[in-house]
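Engineer: Dropping in work.txt, with compact mmCIF, C-alpha atoms and all ligand atoms.
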```txt
# COMPACT_ATOMS: atom_id res chain seq x y z
CA MET A 15 -32.08 51.93 32.19
CA ILE A 16 -32.40 48.16 31.90
CA MET A 17 -29.45 46.39 33.53
CA GLY A 18 -28.33 42.81 33.40
CA ARG A 19 -25.74 40.22 34.33
CA VAL A 20 -23.20 38.86 31.90
CA LEU A 21 -21.08 35.69 31.95
CA ILE A 22 -17.92 36.01 29.82
CA ILE A 23 -16.24 32.71 28.87
CA GLY A 24 -12.56 32.82 27.86
CA ALA A 25 -9.85 34.90 29.53
CA GLY A 26 -7.47 35.36 26.59
CA GLY A 27 -6.63 38.55 24.70
CA VAL A 28 -10.23 39.23 23.70
CA GLY A 29 -11.81 38.09 26.99
CA ARG A 30 -9.63 40.57 28.89
CA VAL A 31 -10.93 43.46 26.76
CA VAL A 32 -14.58 42.37 27.06
CA ALA A 33 -14.26 42.13 30.86
CA HIS A 34 -12.59 45.57 31.13
CA LYS A 35 -15.13 47.23 28.85
CA CYS A 36 -18.11 45.63 30.62
CA ALA A 37 -16.71 46.90 33.94
CA GLN A 38 -16.39 50.39 32.43
CA ALA A 39 -20.09 50.15 31.46
CA HIS A 40 -21.27 49.08 34.92
CA ASP A 41 -24.36 51.25 34.50
CA VAL A 42 -25.57 48.45 32.17
CA PHE A 43 -23.81 45.37 33.56
CA ASN A 44 -24.77 44.99 37.20
CA GLY A 45 -23.05 41.62 37.51
CA ILE A 46 -20.00 40.40 35.59
CA MET A 47 -18.38 36.98 35.75
CA LEU A 48 -15.26 35.97 33.83
CA ALA A 49 -14.88 32.19 33.58
CA SER A 50 -12.16 30.24 31.78
CA ARG A 51 -10.11 27.07 31.74
CA SER A 52 -7.23 28.70 33.67
CA VAL A 53 -8.82 30.58 36.56
CA GLU A 54 -5.50 32.33 37.39
CA LYS A 55 -5.86 34.38 34.20
CA CYS A 56 -9.35 35.45 35.31
CA GLU A 57 -8.04 36.38 38.75
CA LYS A 58 -5.27 38.53 37.28
CA ILE A 59 -7.77 40.38 35.08
CA ARG A 60 -10.12 40.79 38.07
CA GLU A 61 -7.33 42.51 40.07
CA GLU A 62 -6.49 44.86 37.20
CA ILE A 63 -10.14 45.81 36.70
CA LYS A 64 -10.57 46.49 40.40
CA GLY A 65 -7.48 48.71 40.32
CA ARG A 66 -8.50 50.63 37.19
CA THR A 67 -12.27 50.99 37.63
CA GLY A 68 -13.03 50.04 41.23
CA VAL A 69 -15.56 47.51 39.89
CA GLY A 70 -15.51 44.02 41.38
CA ILE A 71 -16.12 41.12 39.00
CA GLU A 72 -16.58 37.43 39.81
CA VAL A 73 -14.36 34.70 38.40
CA ALA A 74 -14.72 30.94 37.94
CA LYS A 75 -12.94 27.96 36.47
CA VAL A 76 -14.90 26.17 33.76
CA ASP A 77 -14.24 23.72 30.96
CA ALA A 78 -16.44 25.00 28.14
CA ASP A 79 -16.27 21.62 26.40
CA ASP A 80 -18.37 20.29 29.28
CA THR A 81 -21.98 21.36 28.71
CA ALA A 82 -23.17 20.08 32.11
CA ALA A 83 -20.52 22.15 33.93
CA LEU A 84 -21.52 25.19 31.89
CA VAL A 85 -25.21 24.72 32.68
CA ALA A 86 -24.41 24.47 36.40
CA LEU A 87 -22.31 27.66 36.23
CA ILE A 88 -25.02 29.54 34.33
CA ARG A 89 -27.69 28.40 36.79
CA SER A 90 -25.63 29.52 39.78
CA PHE A 91 -24.61 32.95 38.37
CA LYS A 92 -27.95 33.61 36.60
CA PRO A 93 -26.75 35.89 33.77
CA GLU A 94 -29.04 37.38 31.11
CA LEU A 95 -26.35 36.67 28.50
CA VAL A 96 -23.34 34.43 27.90
CA VAL A 97 -20.50 36.05 25.89
CA ASN A 98 -18.39 33.33 24.31
CA VAL A 99 -14.83 34.53 23.70
CA ALA A 100 -13.20 31.13 24.21
CA LEU A 101 -12.27 29.30 20.99
CA PRO A 102 -14.52 28.48 18.00
CA TYR A 103 -14.35 24.78 19.01
CA GLN A 104 -16.55 25.55 22.03
CA ASP A 105 -19.35 27.42 20.22
CA LEU A 106 -21.83 24.54 19.96
CA LYS A 107 -21.28 23.32 23.52
CA ILE A 108 -21.89 26.82 24.86
CA MET A 109 -24.99 27.28 22.66
CA ASP A 110 -26.31 23.93 23.98
CA ALA A 111 -25.74 25.11 27.54
CA CYS A 112 -27.52 28.42 26.89
CA LEU A 113 -30.54 26.58 25.47
CA GLU A 114 -30.67 24.25 28.44
CA ALA A 115 -30.27 27.01 31.02
CA GLY A 116 -32.53 29.46 29.13
CA VAL A 117 -30.14 32.39 28.50
CA ASN A 118 -29.11 34.44 25.47
CA TYR A 119 -25.83 33.80 23.65
CA MET A 120 -23.24 35.69 21.59
CA ASP A 121 -19.78 35.03 20.16
CA THR A 122 -17.09 36.49 17.90
CA ALA A 123 -16.13 33.56 15.65
CA ASN A 124 -17.99 30.78 13.86
CA TYR A 125 -17.83 27.16 15.00
CA GLU A 126 -14.95 25.08 13.69
CA PRO A 127 -14.60 21.32 14.07
CA VAL A 128 -11.17 20.62 15.65
CA ASP A 129 -10.12 18.11 13.00
CA VAL A 130 -11.06 20.09 9.85
CA ALA A 131 -10.24 23.75 9.22
CA HIS A 132 -13.67 24.45 7.84
CA PHE A 133 -15.41 27.79 8.16
CA GLU A 134 -19.15 28.06 7.74
CA TYR A 135 -22.19 29.15 9.70
CA SER A 136 -24.33 26.11 8.91
CA TYR A 137 -23.54 24.43 12.25
CA GLN A 138 -24.77 27.45 14.19
CA TRP A 139 -27.60 28.51 11.87
CA ALA A 140 -28.99 25.02 12.51
CA TYR A 141 -29.76 26.24 16.07
CA ASN A 142 -32.16 28.93 14.83
CA GLU A 143 -35.37 26.98 15.45
CA ARG A 144 -34.33 25.87 18.93
CA PHE A 145 -33.45 29.42 20.01
CA ARG A 146 -36.65 30.73 18.43
CA GLU A 147 -38.86 28.18 20.18
CA LYS A 148 -37.38 29.10 23.54
CA GLY A 149 -37.70 32.85 22.88
CA LEU A 150 -33.92 33.21 23.18
CA MET A 151 -31.51 35.27 21.07
CA ALA A 152 -28.11 34.22 19.74
CA VAL A 153 -25.93 36.76 17.93
CA LEU A 154 -23.05 35.28 15.94
CA GLY A 155 -19.71 36.83 15.06
CA CYS A 156 -19.68 40.17 16.85
CA GLY A 157 -16.01 41.14 16.94
CA PHE A 158 -14.64 43.59 14.36
CA ASP A 159 -14.52 41.34 11.35
CA PRO A 160 -16.92 39.59 11.49
CA GLY A 161 -19.06 41.93 13.54
CA VAL A 162 -18.45 45.61 12.85
CA SER A 163 -17.74 44.81 9.18
CA ASN A 164 -21.30 43.40 8.96
CA VAL A 165 -22.79 46.38 10.83
CA PHE A 166 -21.05 48.78 8.41
CA CYS A 167 -22.93 46.98 5.59
CA ALA A 168 -26.25 47.24 7.44
CA TYR A 169 -25.61 50.95 8.04
CA ALA A 170 -24.79 51.56 4.37
CA GLN A 171 -27.91 49.65 3.36
CA LYS A 172 -30.06 51.69 5.74
CA HIS A 173 -28.65 55.18 5.12
CA LEU A 174 -26.17 55.46 2.28
CA LEU A 175 -27.10 53.26 -0.68
CA ASP A 176 -30.42 52.08 -2.09
CA GLU A 177 -28.69 48.93 -3.24
CA ILE A 178 -25.19 47.63 -2.41
CA ASN A 179 -23.65 45.76 -5.34
CA TYR A 180 -19.99 45.41 -4.34
CA ILE A 181 -18.40 45.06 -0.91
CA ASP A 182 -14.67 44.93 -0.20
CA ILE A 183 -13.69 44.50 3.45
CA LEU A 184 -10.10 45.68 3.98
CA ASP A 185 -8.25 44.74 7.16
CA CYS A 186 -4.84 46.33 7.77
CA ASN A 187 -2.63 45.84 10.79
CA ALA A 188 0.13 48.39 10.35
CA GLY A 189 1.45 47.74 13.85
CA SER A 190 4.75 46.26 14.99
CA HIS A 191 5.07 44.00 18.06
CA GLY A 192 8.84 43.58 17.95
CA HIS A 193 8.83 39.75 17.67
CA PRO A 194 10.25 37.97 14.59
CA PHE A 195 6.91 36.13 14.22
CA ALA A 196 3.68 36.23 16.22
CA THR A 197 -0.04 36.10 15.54
CA ASN A 198 -2.46 38.72 16.84
CA PHE A 199 -5.05 36.30 18.12
CA ASN A 200 -4.96 32.64 19.08
CA PRO A 201 -2.14 31.21 16.88
CA GLU A 202 -3.91 27.92 16.16
CA ILE A 203 -7.14 29.58 15.05
CA ASN A 204 -5.29 32.32 13.15
CA ILE A 205 -3.01 29.99 11.18
CA ARG A 206 -5.89 27.64 10.31
CA GLU A 207 -7.72 30.66 8.89
CA VAL A 208 -4.93 32.22 6.83
CA THR A 209 -3.59 28.99 5.28
CA GLN A 210 -6.91 27.86 3.80
CA THR A 211 -7.79 28.00 0.11
CA VAL A 212 -9.34 31.40 -0.61
CA ARG A 213 -12.93 31.99 -1.69
CA HIS A 214 -14.95 35.05 -2.51
CA TRP A 215 -18.52 35.42 -3.69
CA ASP A 216 -19.18 36.68 -7.22
CA ARG A 217 -22.55 36.71 -8.97
CA ASP A 218 -24.27 33.92 -7.08
CA LYS A 219 -21.31 31.60 -6.76
CA TRP A 220 -18.15 31.02 -4.74
CA VAL A 221 -14.94 31.59 -6.68
CA GLN A 222 -11.87 29.72 -5.43
CA THR A 223 -8.33 31.19 -5.65
CA PRO A 224 -4.97 30.01 -4.23
CA ALA A 225 -4.16 30.34 -0.52
CA ILE A 226 -2.09 33.40 0.47
CA LEU A 227 1.14 31.34 0.55
CA ASP A 228 0.57 29.65 -2.81
CA ALA A 229 1.63 30.69 -6.29
CA GLY A 230 -1.10 32.74 -7.92
CA SER A 231 -2.48 34.17 -4.66
CA VAL A 232 -4.43 37.36 -5.36
CA HIS A 233 -3.06 40.58 -3.87
CA PHE A 234 -2.80 44.28 -4.58
CA GLN A 235 -1.65 47.47 -2.91
CA PHE A 236 -4.37 49.44 -1.16
CA ASP A 237 -3.70 52.95 0.09
CA TYR A 238 -5.06 52.85 3.66
CA PRO A 239 -5.85 56.05 5.55
CA VAL A 240 -3.09 56.77 8.13
CA ALA A 241 -1.19 53.52 7.32
CA GLY A 242 -0.47 54.28 3.64
CA PRO A 243 -0.06 51.73 0.82
CA ARG A 244 0.03 48.09 2.01
CA GLU A 245 -0.01 44.79 0.14
CA SER A 246 -3.45 43.27 0.78
CA TYR A 247 -4.27 39.61 0.14
CA LEU A 248 -7.58 38.10 -0.85
CA LEU A 249 -8.67 35.83 2.01
CA TYR A 250 -11.82 33.88 2.88
CA HIS A 251 -13.49 35.32 5.96
CA GLU A 252 -16.66 34.06 7.55
CA GLU A 253 -18.76 37.24 7.22
CA LEU A 254 -18.72 36.78 3.43
CA GLU A 255 -21.15 33.89 3.88
CA SER A 256 -23.79 35.71 5.91
CA LEU A 257 -23.47 38.99 4.01
CA ALA A 258 -23.84 37.24 0.64
CA LYS A 259 -27.09 35.83 2.01
CA ASN A 260 -28.43 38.92 3.79
CA ILE A 261 -27.45 41.93 1.64
CA LYS A 262 -29.99 42.24 -1.15
CA GLY A 263 -28.72 43.15 -4.64
CA LEU A 264 -25.16 42.09 -3.85
CA LYS A 265 -23.10 41.04 -6.87
CA ARG A 266 -19.68 40.52 -5.31
CA ILE A 267 -18.11 40.46 -1.85
CA ARG A 268 -14.41 40.05 -1.06
CA PHE A 269 -12.19 40.23 2.02
CA TRP A 270 -8.59 41.53 1.98
CA MET A 271 -5.97 41.41 4.72
CA THR A 272 -2.47 42.88 4.88
CA PHE A 273 0.49 40.57 5.49
CA SER A 274 4.14 41.61 5.61
CA ASP A 275 6.75 39.69 3.60
CA ASN A 276 8.37 38.76 6.92
CA TYR A 277 5.12 37.18 8.19
CA LEU A 278 4.58 35.29 4.93
CA THR A 279 8.17 34.00 4.84
CA HIS A 280 7.96 32.64 8.41
CA LEU A 281 4.57 31.07 7.77
CA ARG A 282 5.74 29.51 4.50
CA VAL A 283 8.69 27.84 6.24
CA LEU A 284 6.48 26.63 9.10
CA GLN A 285 4.00 25.20 6.61
CA ASN A 286 6.70 23.58 4.46
CA VAL A 287 8.22 21.73 7.43
CA GLY A 288 4.81 20.53 8.64
CA MET A 289 4.47 22.72 11.74
CA THR A 290 1.02 24.00 10.74
CA ARG A 291 -0.49 20.50 10.42
CA ILE A 292 -3.71 20.01 12.41
CA ASP A 293 -3.64 16.21 12.42
CA GLU A 294 -1.88 14.02 14.99
CA VAL A 295 1.69 12.83 14.36
CA ASP A 296 3.79 10.34 16.34
CA TYR A 297 6.51 11.94 18.41
CA GLU A 298 8.70 9.71 20.61
CA GLY A 299 5.89 7.27 21.26
CA ARG A 300 3.13 9.81 21.81
CA LYS A 301 0.72 11.71 19.61
CA ILE A 302 1.10 15.45 19.15
CA VAL A 303 -0.68 17.95 16.90
CA PRO A 304 2.08 20.14 15.33
CA ILE A 305 0.03 23.37 15.24
CA ARG A 306 -0.71 23.00 18.97
CA PHE A 307 2.98 22.49 19.70
CA LEU A 308 3.71 25.57 17.58
CA LYS A 309 1.13 27.55 19.60
CA ALA A 310 3.01 26.64 22.78
CA LEU A 311 6.22 28.11 21.30
CA LEU A 312 4.83 31.34 19.82
CA PRO A 313 4.29 34.54 21.82
CA ASP A 314 0.93 34.67 23.62
CA PRO A 315 -1.16 37.25 21.69
CA ALA A 316 -2.66 38.36 25.00
CA LYS A 317 0.85 39.51 26.06
CA LEU A 318 1.91 41.25 22.84
CA GLY A 319 0.45 44.60 23.87
CA GLU A 320 3.32 45.90 25.97
CA ASN A 321 5.66 46.79 23.09
CA TYR A 322 3.15 47.05 20.27
CA VAL A 323 3.27 50.31 18.29
CA GLY A 324 1.28 51.46 15.26
CA LYS A 325 -2.31 51.19 14.18
CA THR A 326 -4.97 48.96 12.72
CA VAL A 327 -7.19 50.30 9.93
CA ILE A 328 -10.22 48.15 9.19
CA GLY A 329 -13.19 49.08 7.05
CA ASN A 330 -15.47 48.46 4.09
CA VAL A 331 -15.64 49.95 0.62
CA MET A 332 -19.24 49.58 -0.53
CA THR A 333 -20.40 50.45 -4.02
CA GLY A 334 -23.90 50.62 -5.41
CA THR A 335 -26.55 53.15 -6.30
CA LYS A 336 -28.24 56.05 -4.53
CA ALA A 337 -31.21 57.80 -6.12
CA GLY A 338 -30.37 56.26 -9.47
CA LYS A 339 -26.71 57.35 -9.42
CA GLY A 340 -23.56 55.33 -8.71
CA ARG A 341 -22.03 55.84 -5.26
CA SER A 342 -19.04 54.34 -3.49
CA VAL A 343 -18.47 54.83 0.25
CA TYR A 344 -15.69 53.83 2.63
CA ILE A 345 -16.39 53.38 6.35
CA TYR A 346 -13.41 52.55 8.57
CA ASN A 347 -11.92 52.69 12.03
CA VAL A 348 -8.35 53.44 13.04
CA CYS A 349 -7.21 51.93 16.33
CA ASP A 350 -3.88 52.55 18.06
CA HIS A 351 -2.05 49.63 19.71
CA GLU A 352 -0.43 51.79 22.41
CA GLU A 353 -3.67 53.56 23.30
CA ALA A 354 -5.47 50.22 23.61
CA PHE A 355 -2.71 48.92 25.86
CA LYS A 356 -2.90 52.01 28.08
CA GLU A 357 -6.65 51.61 28.47
CA VAL A 358 -7.13 47.87 28.98
CA GLY A 359 -3.68 46.23 28.78
CA ALA A 360 -4.28 44.68 25.33
CA GLN A 361 -3.11 45.24 21.74
CA ALA A 362 -5.43 46.70 19.12
CA VAL A 363 -6.49 43.39 17.52
CA SER A 364 -7.86 42.16 20.86
CA TYR A 365 -9.30 45.64 21.50
CA THR A 366 -11.08 45.92 18.14
CA THR A 367 -12.62 42.49 18.81
CA GLY A 368 -13.51 42.96 22.48
CA VAL A 369 -15.13 46.39 22.24
CA PRO A 370 -17.75 45.32 19.64
CA ALA A 371 -18.41 42.19 21.70
CA MET A 372 -19.13 44.37 24.73
CA ILE A 373 -21.35 46.67 22.64
CA CYS A 374 -23.33 43.69 21.35
CA ALA A 375 -23.65 42.42 24.93
CA MET A 376 -24.86 45.84 26.07
CA LEU A 377 -27.48 46.13 23.32
CA MET A 378 -28.75 42.61 24.08
CA VAL A 379 -28.81 43.10 27.85
CA ASN A 380 -30.61 46.46 27.70
CA GLY A 381 -33.13 45.15 25.16
CA THR A 382 -32.12 47.41 22.24
CA TRP A 383 -31.29 44.35 20.15
CA LYS A 384 -33.95 41.76 20.75
CA GLY A 385 -35.35 38.80 18.89
CA ALA A 386 -35.80 35.06 19.06
CA GLY A 387 -33.50 32.87 16.99
CA VAL A 388 -29.96 33.03 15.63
CA PHE A 389 -28.79 36.30 14.04
CA ASN A 390 -25.77 37.73 12.28
CA THR A 391 -25.12 41.36 13.11
CA GLU A 392 -26.22 42.79 9.73
CA GLN A 393 -29.75 41.57 10.52
CA LEU A 394 -30.04 43.95 13.48
CA ASP A 395 -30.49 47.75 13.68
CA PRO A 396 -27.04 49.26 13.01
CA ASP A 397 -27.75 52.74 14.42
CA PRO A 398 -27.37 52.12 18.18
CA PHE A 399 -24.32 49.99 17.48
CA MET A 400 -22.68 52.69 15.31
CA ASP A 401 -23.35 55.30 18.05
CA ALA A 402 -21.83 53.00 20.65
CA LEU A 403 -18.67 52.46 18.56
CA ASN A 404 -18.04 56.21 18.76
CA LYS A 405 -18.75 56.27 22.49
CA TYR A 406 -16.79 53.20 23.60
CA GLY A 407 -13.46 53.59 21.84
CA LEU A 408 -13.81 52.66 18.15
CA PRO A 409 -14.84 55.87 16.35
CA TRP A 410 -15.54 55.43 12.65
CA HIS A 411 -15.08 57.61 9.60
CA LEU A 412 -17.21 57.84 6.49
CA GLU A 413 -15.81 59.03 3.15
CA GLU A 414 -16.87 59.00 -0.48
CA PHE A 415 -14.49 56.48 -2.10
CA SER A 416 -12.69 57.35 -5.31
CA GLY A 417 -9.73 54.95 -5.06
CA ARG A 418 -9.14 51.84 -7.14
CA LEU A 419 -9.85 48.21 -6.35
CA PRO A 420 -9.03 45.18 -8.51
CA GLU A 421 -11.74 44.30 -11.05
P1 LIG A 501 -6.91 33.27 23.29
O1 LIG A 501 -6.31 31.97 22.93
O2 LIG A 501 -6.01 34.39 23.74
O3 LIG A 501 -8.01 33.08 24.43
C1 LIG A 501 -8.92 32.02 24.43
C2 LIG A 501 -9.33 31.80 25.88
O4 LIG A 501 -10.31 30.76 25.91
C3 LIG A 501 -8.18 31.38 26.76
O5 LIG A 501 -8.25 32.04 27.99
C4 LIG A 501 -8.43 29.87 26.93
O6 LIG A 501 -8.00 29.31 28.14
C5 LIG A 501 -9.94 29.84 26.90
N1 LIG A 501 -10.40 28.50 26.56
C6 LIG A 501 -9.97 27.70 25.54
N2 LIG A 501 -10.59 26.53 25.60
C7 LIG A 501 -11.41 26.57 26.67
C8 LIG A 501 -12.30 25.65 27.27
N3 LIG A 501 -12.50 24.43 26.76
N4 LIG A 501 -12.97 26.04 28.37
C9 LIG A 501 -12.80 27.26 28.89
N5 LIG A 501 -11.97 28.18 28.39
C10 LIG A 501 -11.29 27.83 27.29
O7 LIG A 501 -7.78 33.73 22.04
P2 LIG A 501 -8.23 35.22 21.68
O8 LIG A 501 -8.65 35.91 22.91
O9 LIG A 501 -7.17 35.80 20.82
O10 LIG A 501 -9.51 34.93 20.77
C11 LIG A 501 -10.76 34.62 21.36
C12 LIG A 501 -11.82 34.43 20.28
O11 LIG A 501 -11.98 35.65 19.54
C13 LIG A 501 -11.46 33.34 19.25
O12 LIG A 501 -12.62 32.58 18.99
C14 LIG A 501 -11.08 34.13 18.02
O13 LIG A 501 -11.31 33.43 16.83
C15 LIG A 501 -12.01 35.32 18.16
N6 LIG A 501 -11.57 36.51 17.39
C16 LIG A 501 -12.50 37.18 16.64
C17 LIG A 501 -12.14 38.28 15.91
C18 LIG A 501 -13.17 39.09 15.19
O14 LIG A 501 -12.87 40.21 14.76
N7 LIG A 501 -14.39 38.63 15.02
C19 LIG A 501 -10.74 38.76 15.87
C20 LIG A 501 -9.86 38.05 16.78
C21 LIG A 501 -10.27 36.95 17.49
P3 LIG A 501 -6.44 29.11 28.49
O15 LIG A 501 -6.03 30.47 28.92
O16 LIG A 501 -6.43 28.10 29.56
O17 LIG A 501 -5.79 28.64 27.21
```
Using C-alpha cells, write down the structure from this file.
Ligand code: NDP
Structural biologist:
Amino acid sequence: MIMGRVLIIGAGGVGRVVAHKCAQAHDVFNGIMLASRSVEKCEKIREEIKGRTGVGIEVAKVDADDTAALVALIRSFKPELVVNVALPYQDLKIMDACLEAGVNYMDTANYEPVDVAHFEYSYQWAYNERFREKGLMAVLGCGFDPGVSNVFCAYAQKHLLDEINYIDILDCNAGSHGHPFATNFNPEINIREVTQTVRHWDRDKWVQTPAILDAGSVHFQFDYPVAGPRESYLLYHEELESLAKNIKGLKRIRFWMTFSDNYLTHLRVLQNVGMTRIDEVDYEGRKIVPIRFLKALLPDPAKLGENYVGKTVIGNVMTGTKAGKGRSVYIYNVCDHEEAFKEVGAQAVSYTTGVPAMICAMLMVNGTWKGAGVFNTEQLDPDPFMDALNKYGLPWHLEEFSGRLPE
C-alpha cells in the first residue's frame, strides 16, 4: 500500500470532514496537517479527531492568500498533496504555491475573483501546461457537485451508455436546521452562486434564463427518492462547463437545486435591501462589503449540524443510447444529516463535500489517479472512486429512470 502525507487548508465545515475522514483512512495518510487562518478551529478539530480515532494530526496557522507563507509551510511539512478546502478566492494562490514547492493539488470549488461573482474554469485550466511541465497533478472540483456529479457521468459513459445526450444534475436538501435562514456552506460563496443569472448548455451554446429570485425563473417539481416531490430550480453550476467539454455526444446539460419558499423569501428581502451586494459601501466613515457583514450575522454552516434533521438526495439523470436503444439512468446518493453529525460532527452538505475530497486525495496519494496537468474528475477512471464512495460513507444507487423532466 502506497502511503502519503496530506496538507488540508481550511478548517470550516468541509475542512473538518476532510480531516476526520483522512484520519479514519490512516492506512493511506501517514501524515495529516490541517492549516487555516484561525488556528483555534484546527486545534479543536485535532482534539476531536484524537478522541474519536486516536489519530494525531498536526495543525498550523496560515494565510492562504500569502503564497510565500504557503510555500514555506509546504516545504516544512513535505506533503504529497495539498487539499484546498479554504475559499475559491484562494485557489490560484494555492496552485502557485504547489507549483513552486513541487506538490500535487486538489480543490472542491472553482476560482472566483473577489470583486466579480464569475464562475468559470478558465483561470485554473490556464495552469495545465505549468503542472504538466513539472509532472504534477491538479484535480479541480472534487466535492459532491462538482465532483461526484462529474464521476457519475464518467461512470455512465464507461459502463451504462454508449453515448450520453442529456444530463440533468438534481440536488435536493430535504433537511431542516431549525434556523429561520441559514446557508449550508460559506454564506458569501453560497449567496454569490445562487443569485447569479442562470445558464445551461443546449446544443453547442449557453442558454441564459432568469436568476432563481427573478420573474420567469425556471423550476419544476421533481419526485426525489426518499425526499418526495420538491420544487427544483434551474441554476448555473460549474461542472456544466467541464462536462459540456468532456462528455462526447452531449446535447444538453442542466443543473437543478431545491429551494424552499422560506429560503427564497428571506433571500429576496436580503437582495432587495442591498445586503447581498459584493461591492464596498460607505458605512459611518468606513468601507464595508454588505455580503461579508451578512456572513458575520448568519449561522456558521460548520455549526449547523447539531440540530439538523433530514436528508440530502443528490444525483444525475443521464439519457442516451445503449446498443442502439434509448436508455435513461439515475444515479444518486442519499445522505442523512444526523448520521453525518454523529460520525464527524458536521451536517450532510459538508459531509457530502468532504468525503469525496478525501477519496480524491486518497486516490492521488496512493497513485490510483495519476497524471500530469490539470484535470476535472470526469477525465479520470470512475471505478475506484465509485467503489470508495460505497466504502467511505456515500453509497450510491443506480436505477433505470422513467420519470419526467422538463423539455
Ligand atoms: P467555511 O467558510 O466553513 O470554511 C472555509 C475555511 O477556510 C475557514 O476555516 C476559513 O478560515 C478558511 N479560510 C478562508 N480564507 C482563508 C485564508 N486566506 N487562509 C487560510 N484559511 C482561510 O466554508 P466551507 O467549509 O463551507 O466550504 C469550503 C469550500 O468548499 C468552499 O470553497 C466551498 O465553495 C466548497 N464547497 C464545495 C461543494 C461541492 O460540492 N463541490 C459544496 C460545498 C462547499 P476562518 O475560519 O478563519 O474563516
Engineer: Please tell me which residues are no farther than 9 Å from (9.2, 34.3, 14.2) in the file, counting all atoms listed in the file, and write them as a list in words.
Structural biologist: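 Every polymer residue passing the test: His193, Pro194, Phe195, Ala196, Asn276, Tyr277, His280, Leu281 and Leu312 of chain A.
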Engineer: Any chance you can output those residues with C-alpha atoms as a JSON list (two decimals), keeping the file's coordinate frame?
Structural biologist:
```json
[["chain", "number", "residue", "atom", "x", "y", "z"],
["A", 193, "HIS", "CA", 8.83, 39.75, 17.67],
["A", 194, "PRO", "CA", 10.25, 37.97, 14.59],
["A", 195, "PHE", "CA", 6.91, 36.13, 14.22],
["A", 196, "ALA", "CA", 3.68, 36.23, 16.22],
["A", 276, "ASN", "CA", 8.37, 38.76, 6.92],
["A", 277, "TYR", "CA", 5.12, 37.18, 8.19],
["A", 280, "HIS", "CA", 7.96, 32.64, 8.41],
["A", 281, "LEU", "CA", 4.57, 31.07, 7.77],
["A", 312, "LEU", "CA", 4.83, 31.34, 19.82]]
```
Engineer: Please measure the separation of atom CA of A:Tyr125 and atom O13 of ligand LIG 501 (chain A), giving the value in Å to one decimal.
Structural biologist: 9.2 Å
Engineer: Box time for ligand LIG 501 (chain A): axis-aligned, enclosing all its listed atoms, 8 Å extra on each side; report centre and edge lengths in Å to one decimal, as JSON.
Structural biologist:
```
{"center_x": -10.1, "center_y": 32.3, "center_z": 22.2, "size_x": 24.6, "size_y": 31.8, "size_z": 30.8}
```
Engineer: Quick one, how far is atom CA of A:Ile373 from atom CA of A:Ala100?
Structural biologist: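 That distance, rounded to one decimal, is 17.6 Å.
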Engineer: Skipping near chain neighbours, those fewer than 4 positions away, what residues fall within 10 Å of A:Asp121 using all atoms listed in the file, listed as a list of chain:residue names?
Structural biologist: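 Near neighbours after the sequence-gap exclusion: A:Ile22, A:Ile23, A:Val96, A:Val97, A:Asn98, A:Val99, A:Ala100, A:Leu101, A:Pro102, A:Asp105, A:Ile108, A:Met109, A:Tyr125, A:Ala152, A:Val153, A:Leu154, A:Gly155, A:Cys156, A:Gly157, A:Gly161, A:Ala371, A:Cys374, A:Ala375.
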Engineer: Could you jot down the atom CA of A:Tyr103 to atom N4 of ligand LIG 501 (chain A) separation for me, Å, one decimal place?
Structural biologist: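 If I compute the distance from atom CA of A:Tyr103 to atom N4 of ligand LIG 501 (chain A), I get 9.5 Å.
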Engineer: Throw together the list of residues within 7 Å of ligand LIG 501 (chain A), counting only C-alpha atoms and all ligand atoms, and drop it here as a ChimeraX atom specification.
Structural biologist: /A:23-29,50-52,55,76-79,99-102,104,122-123,155-161,198-200,203,314-316,363-364,366-367
